[in-house]
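Undergrad: Let me give you the structure first, and then I'll get to my questions.
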Amino acid sequence: MIREFGINEVWFIVAAVRWTLLLSIIAFIGGIAGGLVIALARTSEIKSLRVAAMAFIQVFQGTPLLMQLFLVFFGAPLLGWDLNPWVAAAIALMLNASAFLGEIWRGCIQAIPRGQWEAAEALGLHYKSRMRFVVLPQAFKIALPPTVGFLVQLIKGTSLAAIIGFVELTRAGQIINNATFEPFMVFGLVAAIYFVLCWPLSLLAARMERRYAAALAR
Amino acid sequence: MAISFSRRSFARMIAAAGVAAAVTLPLSVSAQSVADITKKGELVVGMLVDFPPYGILNTSNEPDGYDADVARLLAKDLGVKLKLVPVAGPNRIPFLLTNKVDMLIASLATTPERAKQVDFSEAYAGASIVLYAPKDKAIKAPADLKGVSVAVTRASTQDLAVTAIAPEGTQIRRFDDDATATQALLSGQVDAIGASTLVVAQIAKIGGKDKYETKFLLRQQYHGIALRPGQTELLARVNKFVADNKANGELNKLHQKWLGVDLPNLKQP
């Protein structure tokens with residue numbers, strides 16, 4: 001019942017990339033939006049916001065993503081909602097990414113010298129303008145390397161969505177491995193595809209960093 | 001892959017926790033009757049796709065295998081369409097208990113622990129789990145496993161069987177699936193493997209018939225169709241389906257097609 005590892009099998013693995021890509025994009029967008037909210041809450045002057053953000057970060061950083069995916073998808077029916085796998089994956093990935101990105105960006109925001117904040121206040125800028133025109137643009141440059149590092153990890157982390165039924169790249173590899181018993185070919189191909197997905201992201205980040213450094217050079 | 005494995009080893013705990021929660025919390029389970037399924041017009045069946053020849057993805061990448069054919073026969077019997085949902089070892093019971101599938105035809109072996117969470121039908125297939133090791137390893141009985149490393153698929157019946165009989169000092173290595181456990185044996189990272197006779201036949205083909213041999217039988221197990229508890233009418237109907245198709249030889253025909261041998265005697269002790 002074991003079959004040869006041929007072009008059909010290669011195609012099955014390559015075709016599974018679209019689910020990995022889709023899940024990654026959903027996680028990025030949700031994580032970036034949520035992460036910004038969390039980072040701003042974490043650095044706000046209102047104590048209750050800081051505490052709430054802190055609690056959120058601790059919960060979602062401190063528990064495994066696998067468990068979060070599982071609980072969102074299988075736990076929702078126990079509370080009466082029937083979530084389809086995409087919504088469940090989007091929610092879990094977004095919450096997880098928000099916690100990590102929020103913490104990363106909190107560090108980057110706090111790395112901006114206090115003088116910048118004070119000068120912005122002295123110029124009469126409101127909170128929104130302060131963040132938008134003074135603090136966040138400077139924090140962006142500092143944030144690029146750790147953010148890209150995390151996003152690359154996130155692409156690989158989407159493999160955990162297999163627990164709620166997605167046949168994404170890693171799971172496709174496991175299925176083909178069990179059908180052909182050719183682990184080196186199968187997982188070698190899977191690793192190569194992940195590399196092809198992640199490398200452009202690192203290249204893009206390096207390019208952005210160079211342009212930013214040029215912009216800020218005196 | 002090392003990081004991935006340690007995160008995945010949570011899946012077993014989580015699956016157990018999830019099912020425990022599912023049983024203790026008030027379930028919004030919809031108890032189904034035969035009429036519910038006929039009205040719906042569709043039978044949603046969960047099955048494995050990484051367990052040849054019971055559950056595979058065929059060359060057109062659709063779920064296929066012995067379990068799939070049994071599901072197709074059952075759907076025809078009930079007069080409804082069939083929807084096959086691929087599930088995996090750690091999430092198949094949660095899929096069933098959270099109403100995401102109507103039943104499981106996923107090579108689920110009947111064990112007393114599982115019977116507490118799901119209702120099993122009459123057996124529709126069976127498998128023998130054996131201990132398989134190189135010929136030059138002298139292992140005649142469970143007691144000889146002391147100091148031996150054994151590969152199993154985690155949370156499977158092989159895992160349960162080896163854990164139950166292995167003496168202190170046996171190193172049980174749990175892998176994600178049969179293929180990786182097999183690879184561990186073939187590359188010499190473990191001394192022995194607990195696996196079904198079908199996997200063993202595959203190892204013999206890849207690794208050489210003369211290198212390995214079956215040491216002893218670990219467990220004779222029976223696969224049942226799993227349903228949510230409390231659905232007496234549906235369970236009776238499924239049992240009738242299994243009994244009828246055993247009697248008229250249809251199940252045997254499918255078994256011959258996929259496994260190449262007759263349906264074994266499935267009388268459970």
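Chain labels run A, B, ... following the order of the structure tokens; each chain numbers its residues from 1, and ligands are numbered from 1 in the order shown.
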Which residues of chain A are close to chain B, meaning at most 7 Å apart when you count only C-alpha atoms, and how do they look as a PyMOL selection string?
TA: chain A and resi 1+8+67+74+77-78+80+163+165+175+177-179+181
Undergrad: Identify, on the basis of only C-alpha atoms, every residue whose closest approach to Asp210 in chain B does not exceed 12 Å; exclude the query and any residue fewer than 4 positions from it along the same chain; express the result as a count of residues only.
TA: 9
Undergrad: Which residues are close to range 109-121 of chain A, i.e. within 12 Å by only C-alpha atoms, leaving aside same-chain residues fewer than 6 positions away? Reply as a PyMOL selection string.
TA: chain A and resi 36+38-44+101-103+127-143
Undergrad: Show which residues sit within 6 Å of Leu82 in chain B, as JSON, numbers by chain. Count only C-alpha atoms, and ignore same-chain residues fewer than 6 positions away.
TA: {"B": [42, 43, 75]}
